[in-house]
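Asks: Submitted below is the structure of interest, expressed as structure tokens.
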Amino acid sequence: MLEFKRLTVRPKEVAASLIIVGVFEERMLTSAAAELDTASDGLLKRLMESGDITGRLGATALLHQLAGLSAPRVLVVGLGEQRKFDAARFLRANREAHKALKGLPVEAVASYLTEVEVPKKDIAWKLTQSALAADYAAYKYTATLKARAERVELREVHFSAASYDGDALDRASGIAAGVRLARELGNLPPNICNPAYLADQAHELSRRYPDIGVEVLERAEMETLGMGALLAVSAGSENAPKLVVMDYKGGSGKPYVFVGKGITFDTGGIDIKPAAGMEEMKFDMCGAASVFGLMEAVARLKLPIRVVGITPAVENMPDGKSYRPSDVLKTMAGHQVEVLNTDAEGRLILCDALTYSLRYDPHTLIDIATLTGACVVALGSHATGLMSHDDELANELLAAGETTMDRAWRLPLWEDYQSQLETGYADFANLGGKYAGAITAGCFLSRFTEGQRWAHLDIAGSAWDAGRKGTATGRPVALMVQWLMGQK
Ligand code: BES
Ligand code: MN
Ligand code: ZN
């Protein structure tokens with residue numbers, strides 16, 4: 001984790017190993033850049049004339065040994081056109097600046113980007129978001145890599161904020177820790193991060209944060225409770241299922257309950273997935289990972305509320321013991337469900353976990369899941385899919401996503417879609433047909449949350465970046481923490 005500090009001196013006096021300043025396109029210097037320009041006898045302006053510094057959004061230039069400065073390096077980052085500058089571009093510039101730091105032998109950097117005006121945002125927002133962007137860029141997966149020779153690593157980031165002394169940077173530290181945990185759990189390979197590993201991690205969290213209590217339900221208890229859907233999904237795996245419950249008691253009101261899909265690997269089961277891209281299905285526990293991250297953030301920030309995190313951790317494998325297409329499963333809620341595709345397993349473990357969660361009498365119930373490829377088709381990777389019957393809750397979550405730029409977009413959960421789940425062999429099926437797959441998955445879950453103040457977040461597109469070097473994003477930890485911070 002990076003350490004964040006507030007910076008109150010001008011660029012000229014900064015002792016850090018690198019200074020970050022911004023410039024707009026059209027050769028517009030920000031005030032910190034102008035100060036450096038003056039100190040260095042007009043160097044920045046000359047480099048803009050020559051085209052070495054363009055000011056294009058996210059473009060960076062690294063300058064060494066500027067005259068008149070104690071800091072040995074300056075990183076100039078482009079902010080794009082000034083009239084288009086907004087919150088999203090502010091974050092983009094921050095991200096690119098921190099990406100450009102990778103591999104540099106710098107231990108502490110000083111950023112003046114927080115001085116740039118962002119429409120409708122105050123200094124607290126700029127500090128929190130800049131710090132999160134910095135920590136996001138600084139995270140490196142190393143768990144299964146050979147140890148590299150010791151190098152200088154970035155440890156501290158100082159943000160210019162002369163006349164501010166609130167807790168924005170402490171808040172950022174709490175959120176960043178949660179995002180990191182979610183990313184790390186997501187990135188770990190499925191032969192390490194299996195259901196038992198997730199259960200161990202919950203105990204580990206509880207050891208580090210005594211305000212978090214942990215309970216792990218084993219297969220025998222699930223059988224007693226009648227969790228026929230969750231157990232069917234786990235049947236083909238040698239890794240026993242675990243239902244992990246984390247209970248943070250920071251307040252005495254009704255709890256905010258979060259249920260995260262924890263499929264530690266999704267082969268599809270008997271309806272096996274194609275080989276190409278199957279390795280990405282190690283990320284199918286990112287909903288659970290986000291709940292772990294949320295618990296850590298909430299405990300660090302000592303939020304004065306009760307938060308319960310429930311993660312069904314299960315592996316979906318093909319085997320002689322696997323459940324099959326056309327099986328009819330009896331859920332804990334008593335509904336009979338016909339399996340039309342064993343690859344629609346997320347909703348089957350979630351429905352029993354959601355039913356179990358009702359014993360906590362939730363103030364609000366939120367599930368988070370890498371649930372459908374259809375959601376990725378609809379929204380791509382930029383937005384999490386949000387479904388809820390409760391407009392007030394939906395709007396609160398959308399706003400929290402907007403604030404943290406961990407954005408969600410709402411899809412309808414109209415009654416009209418429910419009929420797509422009808423079947424002749426059970427109360428309903430686990431599949432809604434070809435169209436509106438993200439919504440019919442939401443409809444399936446809605447049948448287990450009736451009467452609750454409930455929202456469903458489909459993070460299939462937002463939870464990780466695709467590709468060989470794809471990495472978990474830790475979304476939507478920031479959205480959820482932001483929303484909880486606004487609750488009394
Ligand atoms: N984990 C997948 C969803 C998924 C797919 C997430 C691709 C991210 C990228 C889920 O379990 C699944 O397989 N869903 C099926 C449902 C279908 C069989 C109704 C899907 O989306 O294809
Ligand atoms: Mn699946
Ligand atoms: Zn899945």
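Each chain in the structure tokens gets a letter, A, B, ..., in the order shown, and its residues are numbered from 1; ligands are numbered from 1 in order too.
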Find the nearest atom pair between each residue of chain A and ligand 2 for residues within 10 Å, count only C-alpha atoms and all ligand atoms, give distances in Å to one decimal, sort rows by chain and ascending number, and present the table as JSON lines.

Replies:
```
{"residue": "A:Ile263", "atom": "CA", "partner": "ligand 2", "partner_atom_place_in_ligand_line": "1 (Mn)", "distance": 8.6}
{"residue": "A:Phe265", "atom": "CA", "partner": "ligand 2", "partner_atom_place_in_ligand_line": "1 (Mn)", "distance": 9.1}
{"residue": "A:Asp266", "atom": "CA", "partner": "ligand 2", "partner_atom_place_in_ligand_line": "1 (Mn)", "distance": 5.5}
{"residue": "A:Thr267", "atom": "CA", "partner": "ligand 2", "partner_atom_place_in_ligand_line": "1 (Mn)", "distance": 7.0}
{"residue": "A:Gly268", "atom": "CA", "partner": "ligand 2", "partner_atom_place_in_ligand_line": "1 (Mn)", "distance": 4.8}
{"residue": "A:Gly269", "atom": "CA", "partner": "ligand 2", "partner_atom_place_in_ligand_line": "1 (Mn)", "distance": 7.8}
{"residue": "A:Asp271", "atom": "CA", "partner": "ligand 2", "partner_atom_place_in_ligand_line": "1 (Mn)", "distance": 8.8}
{"residue": "A:Ile272", "atom": "CA", "partner": "ligand 2", "partner_atom_place_in_ligand_line": "1 (Mn)", "distance": 8.7}
{"residue": "A:Lys273", "atom": "CA", "partner": "ligand 2", "partner_atom_place_in_ligand_line": "1 (Mn)", "distance": 8.0}
{"residue": "A:Met281", "atom": "CA", "partner": "ligand 2", "partner_atom_place_in_ligand_line": "1 (Mn)", "distance": 8.3}
{"residue": "A:Asp284", "atom": "CA", "partner": "ligand 2", "partner_atom_place_in_ligand_line": "1 (Mn)", "distance": 8.3}
{"residue": "A:Asn316", "atom": "CA", "partner": "ligand 2", "partner_atom_place_in_ligand_line": "1 (Mn)", "distance": 7.8}
{"residue": "A:Asn341", "atom": "CA", "partner": "ligand 2", "partner_atom_place_in_ligand_line": "1 (Mn)", "distance": 8.6}
{"residue": "A:Thr342", "atom": "CA", "partner": "ligand 2", "partner_atom_place_in_ligand_line": "1 (Mn)", "distance": 7.0}
{"residue": "A:Asp343", "atom": "CA", "partner": "ligand 2", "partner_atom_place_in_ligand_line": "1 (Mn)", "distance": 3.6}
{"residue": "A:Ala344", "atom": "CA", "partner": "ligand 2", "partner_atom_place_in_ligand_line": "1 (Mn)", "distance": 4.8}
{"residue": "A:Glu345", "atom": "CA", "partner": "ligand 2", "partner_atom_place_in_ligand_line": "1 (Mn)", "distance": 5.3}
{"residue": "A:Gly346", "atom": "CA", "partner": "ligand 2", "partner_atom_place_in_ligand_line": "1 (Mn)", "distance": 6.4}
{"residue": "A:Arg347", "atom": "CA", "partner": "ligand 2", "partner_atom_place_in_ligand_line": "1 (Mn)", "distance": 9.2}
{"residue": "A:Thr370", "atom": "CA", "partner": "ligand 2", "partner_atom_place_in_ligand_line": "1 (Mn)", "distance": 9.0}
{"residue": "A:Leu371", "atom": "CA", "partner": "ligand 2", "partner_atom_place_in_ligand_line": "1 (Mn)", "distance": 7.6}
{"residue": "A:Thr372", "atom": "CA", "partner": "ligand 2", "partner_atom_place_in_ligand_line": "1 (Mn)", "distance": 7.8}
{"residue": "A:Gly373", "atom": "CA", "partner": "ligand 2", "partner_atom_place_in_ligand_line": "1 (Mn)", "distance": 9.0}
```

Asks: Can you tell me which residues surround A:Ser322 at a distance of at most 8 Å, considering only C-alpha atoms, apart from same-chain residues fewer than 6 positions away, and format the answer as a list in words?

Replies: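 Within the cut-off, the hits are Ala232, Val233, Ser234, Ala235, Gly236, Ser237, Gly269 and Ile270 of chain A.
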
Asks: Which residues come within 10 Å of A:Ala97, counting only C-alpha atoms, excluding same-chain residues fewer than 4 positions away, as an NGL selection string?

Replies: :A and (20-22 or 58-62 or 75-78 or 91-93 or 101-102 or 111 or 113 or 133-134 or 137)

Asks: Store the residues picked out above in a file with C-alpha atoms, as an mmCIF file, in the first residue's frame.

Replies:
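To be explicit, this is the file written out as out_14.cif:
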```
data_model
loop_
_atom_site.group_PDB
_atom_site.id
_atom_site.type_symbol
_atom_site.label_atom_id
_atom_site.label_comp_id
_atom_site.auth_asym_id
_atom_site.auth_seq_id
_atom_site.Cartn_x
_atom_site.Cartn_y
_atom_site.Cartn_z
ATOM 1 C CA ILE A 20 4.000 15.696 -11.277
ATOM 2 C CA VAL A 21 2.475 18.735 -12.974
ATOM 3 C CA GLY A 22 -0.155 19.103 -15.672
ATOM 4 C CA GLY A 58 -2.716 11.397 -20.738
ATOM 5 C CA ALA A 59 0.494 12.029 -22.736
ATOM 6 C CA THR A 60 3.510 12.196 -20.433
ATOM 7 C CA ALA A 61 7.031 13.616 -20.673
ATOM 8 C CA LEU A 62 9.747 12.926 -18.126
ATOM 9 C CA LEU A 75 6.762 14.393 -14.989
ATOM 10 C CA VAL A 76 4.585 16.568 -17.184
ATOM 11 C CA VAL A 77 1.192 15.068 -17.948
ATOM 12 C CA GLY A 78 -1.226 16.286 -20.593
ATOM 13 C CA LEU A 91 -8.769 10.661 -13.300
ATOM 14 C CA ARG A 92 -7.424 9.623 -16.674
ATOM 15 C CA ALA A 93 -4.538 12.122 -16.360
ATOM 16 C CA LEU A 101 6.160 6.207 -12.978
ATOM 17 C CA LYS A 102 6.389 2.447 -13.265
ATOM 18 C CA SER A 111 1.675 15.655 -7.309
ATOM 19 C CA LEU A 113 -2.530 17.753 -10.200
ATOM 20 C CA ALA A 133 -5.601 6.273 -8.892
ATOM 21 C CA ALA A 134 -2.042 6.249 -7.559
ATOM 22 C CA ALA A 137 -1.312 2.003 -10.659
#
```

Asks: Here is a test: counting only C-alpha atoms and all ligand atoms, which residue of A:Leu205, A:Met278, A:Met405, A:Leu243 is nearest to ligand 3?

Replies: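 Of the candidates, the smallest distance to ligand 3 is held by A:Met278.
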
Asks: For atom CA of A:Ile305 and atom CA of A:Ala168, determine how far apart the two atoms are, in Å to one decimal place.

Replies: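 Calculated distance between atom CA of A:Ile305 and atom CA of A:Ala168 is 19.6 Å.
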
Asks: Between A:Ser290, A:Thr114, A:Asn430, A:Gln201, which is the closest to A:Val481 once you count only C-alpha atoms?

Replies: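 Once distances to A:Val481 are computed over only C-alpha atoms, the minimum belongs to A:Ser290.
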
Asks: Quick one: everything within 9 Å of A:His363, counting only C-alpha atoms, minus sequence neighbours fewer than 4 positions away in the same chain. Send it as a list in words.

Replies: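 So the residues in contact are Gly253, Lys254, Pro255, Tyr256, Val257, Gln452 and Arg453 of chain A.
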
Asks: May I ask which of the residues A:Leu18, A:Ile123, A:Leu329, A:Val152 is the closest one to A:Tyr425, counting only C-alpha atoms?

Replies: A:Leu329

Asks: Identify which of the residues A:Glu280, A:Asp361, A:Glu415, A:Glu315 lies closest to ligand 1, counting only C-alpha atoms and all ligand atoms when measuring atom-to-atom distances.

Replies: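 Closest to ligand 1 of all the choices is A:Glu280.
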
Asks: Between A:Val106, A:Glu279, A:Thr224, A:Ala177, which one has atoms that come closest to A:Asn191, using only C-alpha atoms?

Replies: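 Using only C-alpha atoms, A:Asn191 sits closest to A:Glu279.
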
Asks: Please extract the residues of stretch 381-451 of chain A with a backbone DSSP assignment of strand (DSSP E or B) and present them as a JSON list (two decimals) with all heavy atoms, in the first residue's frame.

Replies:
```json
[["chain", "number", "residue", "atom", "x", "y", "z"],
["A", 384, "THR", "N", -20.81, -1.18, -14.60],
["A", 384, "THR", "CA", -21.41, -2.33, -13.93],
["A", 384, "THR", "C", -22.91, -2.29, -14.20],
["A", 384, "THR", "O", -23.50, -1.21, -14.22],
["A", 384, "THR", "CB", -21.12, -2.21, -12.41],
["A", 384, "THR", "OG1", -19.73, -2.39, -12.19],
["A", 384, "THR", "CG2", -21.92, -3.21, -11.60],
["A", 385, "GLY", "N", -23.52, -3.44, -14.42],
["A", 385, "GLY", "CA", -24.97, -3.48, -14.61],
["A", 385, "GLY", "C", -25.69, -3.44, -13.26],
["A", 385, "GLY", "O", -25.35, -4.20, -12.36],
["A", 386, "LEU", "N", -26.63, -2.53, -13.13],
["A", 386, "LEU", "CA", -27.36, -2.37, -11.87],
["A", 386, "LEU", "C", -28.82, -2.69, -12.10],
["A", 386, "LEU", "O", -29.44, -2.14, -13.02],
["A", 386, "LEU", "CB", -27.19, -0.93, -11.37],
["A", 386, "LEU", "CG", -28.17, -0.43, -10.30],
["A", 386, "LEU", "CD1", -28.02, -1.20, -9.00],
["A", 386, "LEU", "CD2", -27.91, 1.04, -10.02],
["A", 387, "MET", "N", -29.39, -3.57, -11.29],
["A", 387, "MET", "CA", -30.81, -3.88, -11.38],
["A", 387, "MET", "C", -31.44, -3.81, -10.00],
["A", 387, "MET", "O", -30.86, -4.32, -9.03],
["A", 387, "MET", "CB", -31.00, -5.29, -11.97],
["A", 387, "MET", "CG", -30.80, -5.33, -13.49],
["A", 387, "MET", "SD", -30.21, -6.92, -14.10],
["A", 387, "MET", "CE", -28.45, -6.59, -14.25],
["A", 388, "SER", "N", -32.58, -3.15, -9.92],
["A", 388, "SER", "CA", -33.27, -3.04, -8.64],
["A", 388, "SER", "C", -34.71, -2.61, -8.88],
["A", 388, "SER", "O", -34.99, -1.90, -9.85],
["A", 388, "SER", "CB", -32.57, -2.01, -7.75],
["A", 388, "SER", "OG", -33.26, -1.90, -6.52],
["A", 408, "ALA", "N", -21.92, 2.61, -12.59],
["A", 408, "ALA", "CA", -22.90, 1.58, -12.90],
["A", 408, "ALA", "C", -23.97, 2.19, -13.80],
["A", 408, "ALA", "O", -24.08, 3.41, -13.90],
["A", 408, "ALA", "CB", -23.53, 1.05, -11.61],
["A", 409, "TRP", "N", -24.70, 1.32, -14.47],
["A", 409, "TRP", "CA", -25.80, 1.78, -15.33],
["A", 409, "TRP", "C", -26.97, 0.83, -15.13],
["A", 409, "TRP", "O", -26.78, -0.37, -15.02],
["A", 409, "TRP", "CB", -25.36, 1.78, -16.80],
["A", 409, "TRP", "CG", -26.25, 2.61, -17.66],
["A", 409, "TRP", "CD1", -27.19, 2.16, -18.54],
["A", 409, "TRP", "CD2", -26.30, 4.05, -17.72],
["A", 409, "TRP", "NE1", -27.82, 3.22, -19.14],
["A", 409, "TRP", "CE2", -27.30, 4.39, -18.66],
["A", 409, "TRP", "CE3", -25.61, 5.07, -17.06],
["A", 409, "TRP", "CZ2", -27.62, 5.72, -18.97],
["A", 409, "TRP", "CZ3", -25.93, 6.39, -17.36],
["A", 409, "TRP", "CH2", -26.91, 6.70, -18.30],
["A", 410, "ARG", "N", -28.16, 1.43, -15.06],
["A", 410, "ARG", "CA", -29.31, 0.62, -14.68],
["A", 410, "ARG", "C", -29.96, -0.08, -15.88],
["A", 410, "ARG", "O", -30.08, 0.50, -16.95],
["A", 410, "ARG", "CB", -30.34, 1.52, -14.00],
["A", 410, "ARG", "CG", -31.38, 0.75, -13.22],
["A", 410, "ARG", "CD", -32.20, 1.70, -12.38],
["A", 410, "ARG", "NE", -33.29, 1.01, -11.71],
["A", 410, "ARG", "CZ", -34.26, 1.64, -11.07],
["A", 410, "ARG", "NH1", -34.28, 2.96, -11.02],
["A", 410, "ARG", "NH2", -35.22, 0.95, -10.48],
["A", 428, "PHE", "N", -39.64, -22.64, -12.03],
["A", 428, "PHE", "CA", -39.03, -21.83, -13.09],
["A", 428, "PHE", "C", -37.67, -22.42, -13.45],
["A", 428, "PHE", "O", -37.19, -23.34, -12.77],
["A", 428, "PHE", "CB", -38.92, -20.35, -12.71],
["A", 428, "PHE", "CG", -38.38, -20.07, -11.33],
["A", 428, "PHE", "CD1", -37.02, -19.85, -11.14],
["A", 428, "PHE", "CD2", -39.23, -20.01, -10.23],
["A", 428, "PHE", "CE1", -36.52, -19.58, -9.88],
["A", 428, "PHE", "CE2", -38.72, -19.74, -8.95],
["A", 428, "PHE", "CZ", -37.37, -19.52, -8.78],
["A", 429, "ALA", "N", -37.06, -21.91, -14.52],
["A", 429, "ALA", "CA", -35.78, -22.42, -15.01],
["A", 429, "ALA", "C", -34.64, -21.48, -14.61],
["A", 429, "ALA", "O", -34.87, -20.34, -14.20],
["A", 429, "ALA", "CB", -35.83, -22.56, -16.52]]
```

Asks: Do a neighbour search on A:Gly474 at 12 Å with only C-alpha atoms, toss out local chain neighbours closer than 2 positions, and write the hits as a count of residues only.

Replies: 44

Asks: Kindly indicate which residue among A:Glu117, A:Asp170, A:Glu422, A:Phe258 lies nearest to A:Val339, using only C-alpha atoms for the distances.

Replies: A:Glu422

Asks: I want to know what sits within 9 Å of A:Thr440, based on only C-alpha atoms, with residues of the same chain fewer than 2 positions away left out; could you give that as a ChimeraX atom specification?

Replies: /A:413,417-418,420-421,431-433,435-438,442-445

Asks: Neighbouring residues of A:Thr449 were defined as those with any atom within 10 Å, considering only C-alpha atoms; residues of the same chain fewer than 3 positions away were excluded. Please report them as a PyMOL selection string.

Replies: chain A and resi 351+354-355+357-358+365-366+444-446+452-455

Asks: Could you save the residues just selected, with N, CA and C atoms, as a short mmCIF file (atom, residue, chain, number, x, y, z; two decimals), in the first residue's frame?

Replies:
```
data_model
loop_
_atom_site.label_atom_id
_atom_site.label_comp_id
_atom_site.auth_asym_id
_atom_site.auth_seq_id
_atom_site.Cartn_x
_atom_site.Cartn_y
_atom_site.Cartn_z
N CYS A 351 -28.80 -17.80 -5.18
CA CYS A 351 -30.18 -17.84 -4.67
C CYS A 351 -30.20 -18.42 -3.26
N LEU A 354 -28.65 -15.86 -0.92
CA LEU A 354 -29.58 -14.75 -0.66
C LEU A 354 -30.64 -15.18 0.35
N THR A 355 -31.16 -16.39 0.18
CA THR A 355 -32.16 -16.88 1.14
C THR A 355 -31.55 -16.94 2.54
N SER A 357 -29.20 -15.14 3.65
CA SER A 357 -28.92 -13.78 4.14
C SER A 357 -30.13 -13.15 4.82
N LEU A 358 -31.33 -13.66 4.52
CA LEU A 358 -32.54 -13.04 5.07
C LEU A 358 -32.61 -13.19 6.59
N LEU A 365 -30.08 -5.09 0.94
CA LEU A 365 -29.43 -6.32 0.49
C LEU A 365 -28.87 -6.08 -0.91
N ILE A 366 -27.58 -6.32 -1.08
CA ILE A 366 -26.96 -6.10 -2.39
C ILE A 366 -26.16 -7.33 -2.77
N PHE A 444 -34.30 -13.87 -12.11
CA PHE A 444 -34.15 -15.11 -11.34
C PHE A 444 -33.84 -14.76 -9.88
N LEU A 445 -32.87 -13.90 -9.66
CA LEU A 445 -32.48 -13.53 -8.29
C LEU A 445 -33.62 -12.81 -7.56
N SER A 446 -34.38 -12.02 -8.32
CA SER A 446 -35.45 -11.24 -7.68
C SER A 446 -36.47 -12.14 -7.00
N GLN A 452 -37.58 -7.36 -0.10
CA GLN A 452 -36.35 -6.77 0.42
C GLN A 452 -36.02 -5.48 -0.32
N ARG A 453 -35.26 -4.61 0.36
CA ARG A 453 -34.67 -3.46 -0.32
C ARG A 453 -33.38 -3.99 -0.94
N TRP A 454 -33.48 -4.35 -2.22
CA TRP A 454 -32.43 -5.16 -2.84
C TRP A 454 -31.93 -4.58 -4.16
N ALA A 455 -30.64 -4.74 -4.42
CA ALA A 455 -30.09 -4.39 -5.73
C ALA A 455 -29.10 -5.46 -6.15
#
```

Asks: Step one, run DSSP on the backbone; step two, keep only residues of stretch 79-249 of chain A assigned to alpha helix (DSSP H); then write them as a PDB file with C-alpha atoms, in the first residue's frame.

Replies:
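As a result, part.pdb now contains:
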```
ATOM      1  CA  ALA A  87     -13.788  14.517 -13.519  1.00  0.00           C
ATOM      2  CA  ALA A  88     -13.248  11.587 -15.900  1.00  0.00           C
ATOM      3  CA  ARG A  89     -10.349  13.363 -17.599  1.00  0.00           C
ATOM      4  CA  PHE A  90      -8.866  14.337 -14.255  1.00  0.00           C
ATOM      5  CA  LEU A  91      -8.769  10.661 -13.300  1.00  0.00           C
ATOM      6  CA  ARG A  92      -7.424   9.623 -16.674  1.00  0.00           C
ATOM      7  CA  ALA A  93      -4.538  12.122 -16.360  1.00  0.00           C
ATOM      8  CA  ASN A  94      -3.792  10.881 -12.839  1.00  0.00           C
ATOM      9  CA  ARG A  95      -3.786   7.266 -13.982  1.00  0.00           C
ATOM     10  CA  GLU A  96      -1.507   7.924 -16.934  1.00  0.00           C
ATOM     11  CA  ALA A  97       0.883   9.926 -14.777  1.00  0.00           C
ATOM     12  CA  HIS A  98       1.162   7.072 -12.300  1.00  0.00           C
ATOM     13  CA  LYS A  99       1.540   4.493 -15.053  1.00  0.00           C
ATOM     14  CA  ALA A 100       4.455   6.509 -16.390  1.00  0.00           C
ATOM     15  CA  ILE A 123     -10.397  19.352  -3.006  1.00  0.00           C
ATOM     16  CA  ALA A 124     -11.517  16.401  -0.858  1.00  0.00           C
ATOM     17  CA  TRP A 125     -12.778  14.578  -3.939  1.00  0.00           C
ATOM     18  CA  LYS A 126      -9.609  15.367  -5.867  1.00  0.00           C
ATOM     19  CA  LEU A 127      -7.433  14.062  -3.027  1.00  0.00           C
ATOM     20  CA  THR A 128      -9.367  10.824  -2.534  1.00  0.00           C
ATOM     21  CA  GLN A 129      -9.576  10.044  -6.233  1.00  0.00           C
ATOM     22  CA  SER A 130      -5.965  10.934  -6.972  1.00  0.00           C
ATOM     23  CA  ALA A 131      -4.803   8.732  -4.134  1.00  0.00           C
ATOM     24  CA  LEU A 132      -6.949   5.844  -5.361  1.00  0.00           C
ATOM     25  CA  ALA A 133      -5.601   6.273  -8.892  1.00  0.00           C
ATOM     26  CA  ALA A 134      -2.042   6.249  -7.559  1.00  0.00           C
ATOM     27  CA  ASP A 135      -2.537   3.103  -5.526  1.00  0.00           C
ATOM     28  CA  TYR A 136      -4.320   1.433  -8.408  1.00  0.00           C
ATOM     29  CA  ALA A 137      -1.312   2.003 -10.659  1.00  0.00           C
ATOM     30  CA  ALA A 138       1.161   0.992  -7.959  1.00  0.00           C
ATOM     31  CA  ALA A 168      -9.851  12.593   2.417  1.00  0.00           C
ATOM     32  CA  LEU A 169      -6.488  10.831   2.270  1.00  0.00           C
ATOM     33  CA  ASP A 170      -7.281   8.550   5.219  1.00  0.00           C
ATOM     34  CA  ARG A 171     -10.512   7.624   3.512  1.00  0.00           C
ATOM     35  CA  ALA A 172      -8.585   6.880   0.358  1.00  0.00           C
ATOM     36  CA  SER A 173      -6.231   4.590   2.297  1.00  0.00           C
ATOM     37  CA  GLY A 174      -9.148   2.583   3.622  1.00  0.00           C
ATOM     38  CA  ILE A 175     -10.758   2.224   0.218  1.00  0.00           C
ATOM     39  CA  ALA A 176      -7.440   1.473  -1.489  1.00  0.00           C
ATOM     40  CA  ALA A 177      -6.757  -1.365   0.960  1.00  0.00           C
ATOM     41  CA  GLY A 178     -10.126  -2.871   0.082  1.00  0.00           C
ATOM     42  CA  VAL A 179      -9.563  -2.479  -3.650  1.00  0.00           C
ATOM     43  CA  ARG A 180      -6.150  -4.136  -3.320  1.00  0.00           C
ATOM     44  CA  LEU A 181      -7.532  -7.112  -1.437  1.00  0.00           C
ATOM     45  CA  ALA A 182     -10.286  -7.577  -4.018  1.00  0.00           C
ATOM     46  CA  ARG A 183      -7.750  -7.397  -6.842  1.00  0.00           C
ATOM     47  CA  GLU A 184      -5.318  -9.790  -5.223  1.00  0.00           C
ATOM     48  CA  LEU A 185      -7.976 -12.419  -4.484  1.00  0.00           C
ATOM     49  CA  GLY A 186      -9.303 -12.036  -8.020  1.00  0.00           C
ATOM     50  CA  ASN A 187      -5.872 -12.440  -9.583  1.00  0.00           C
ATOM     51  CA  PRO A 195     -13.275 -22.225  -1.580  1.00  0.00           C
ATOM     52  CA  ALA A 196     -11.170 -23.294   1.420  1.00  0.00           C
ATOM     53  CA  TYR A 197      -8.668 -20.517   0.681  1.00  0.00           C
ATOM     54  CA  LEU A 198     -11.427 -17.906   0.686  1.00  0.00           C
ATOM     55  CA  ALA A 199     -12.654 -19.251   4.019  1.00  0.00           C
ATOM     56  CA  ASP A 200      -9.097 -18.945   5.395  1.00  0.00           C
ATOM     57  CA  GLN A 201      -8.875 -15.379   4.114  1.00  0.00           C
ATOM     58  CA  ALA A 202     -12.009 -14.500   6.044  1.00  0.00           C
ATOM     59  CA  HIS A 203     -10.405 -15.793   9.247  1.00  0.00           C
ATOM     60  CA  GLU A 204      -7.300 -13.822   8.374  1.00  0.00           C
ATOM     61  CA  LEU A 205      -9.389 -10.638   7.994  1.00  0.00           C
ATOM     62  CA  SER A 206     -10.994 -11.283  11.346  1.00  0.00           C
ATOM     63  CA  ARG A 207      -7.556 -11.694  12.932  1.00  0.00           C
ATOM     64  CA  ARG A 208      -6.442  -8.361  11.497  1.00  0.00           C
ATOM     65  CA  ARG A 219     -21.458 -28.878   3.318  1.00  0.00           C
ATOM     66  CA  ALA A 220     -23.259 -30.735   6.111  1.00  0.00           C
ATOM     67  CA  GLU A 221     -24.877 -27.517   7.353  1.00  0.00           C
ATOM     68  CA  MET A 222     -25.855 -26.575   3.817  1.00  0.00           C
ATOM     69  CA  GLU A 223     -27.545 -29.945   3.495  1.00  0.00           C
ATOM     70  CA  THR A 224     -29.449 -29.401   6.723  1.00  0.00           C
ATOM     71  CA  LEU A 225     -30.545 -25.963   5.477  1.00  0.00           C
ATOM     72  CA  GLY A 228     -30.099 -27.782  -3.022  1.00  0.00           C
ATOM     73  CA  ALA A 229     -29.051 -25.315  -5.727  1.00  0.00           C
ATOM     74  CA  LEU A 230     -25.695 -24.313  -4.229  1.00  0.00           C
ATOM     75  CA  LEU A 231     -24.884 -27.946  -3.432  1.00  0.00           C
ATOM     76  CA  ALA A 232     -25.753 -29.088  -6.963  1.00  0.00           C
ATOM     77  CA  VAL A 233     -23.256 -26.638  -8.469  1.00  0.00           C
ATOM     78  CA  SER A 234     -20.537 -27.864  -6.100  1.00  0.00           C
TER      79      SER A 234
END
```
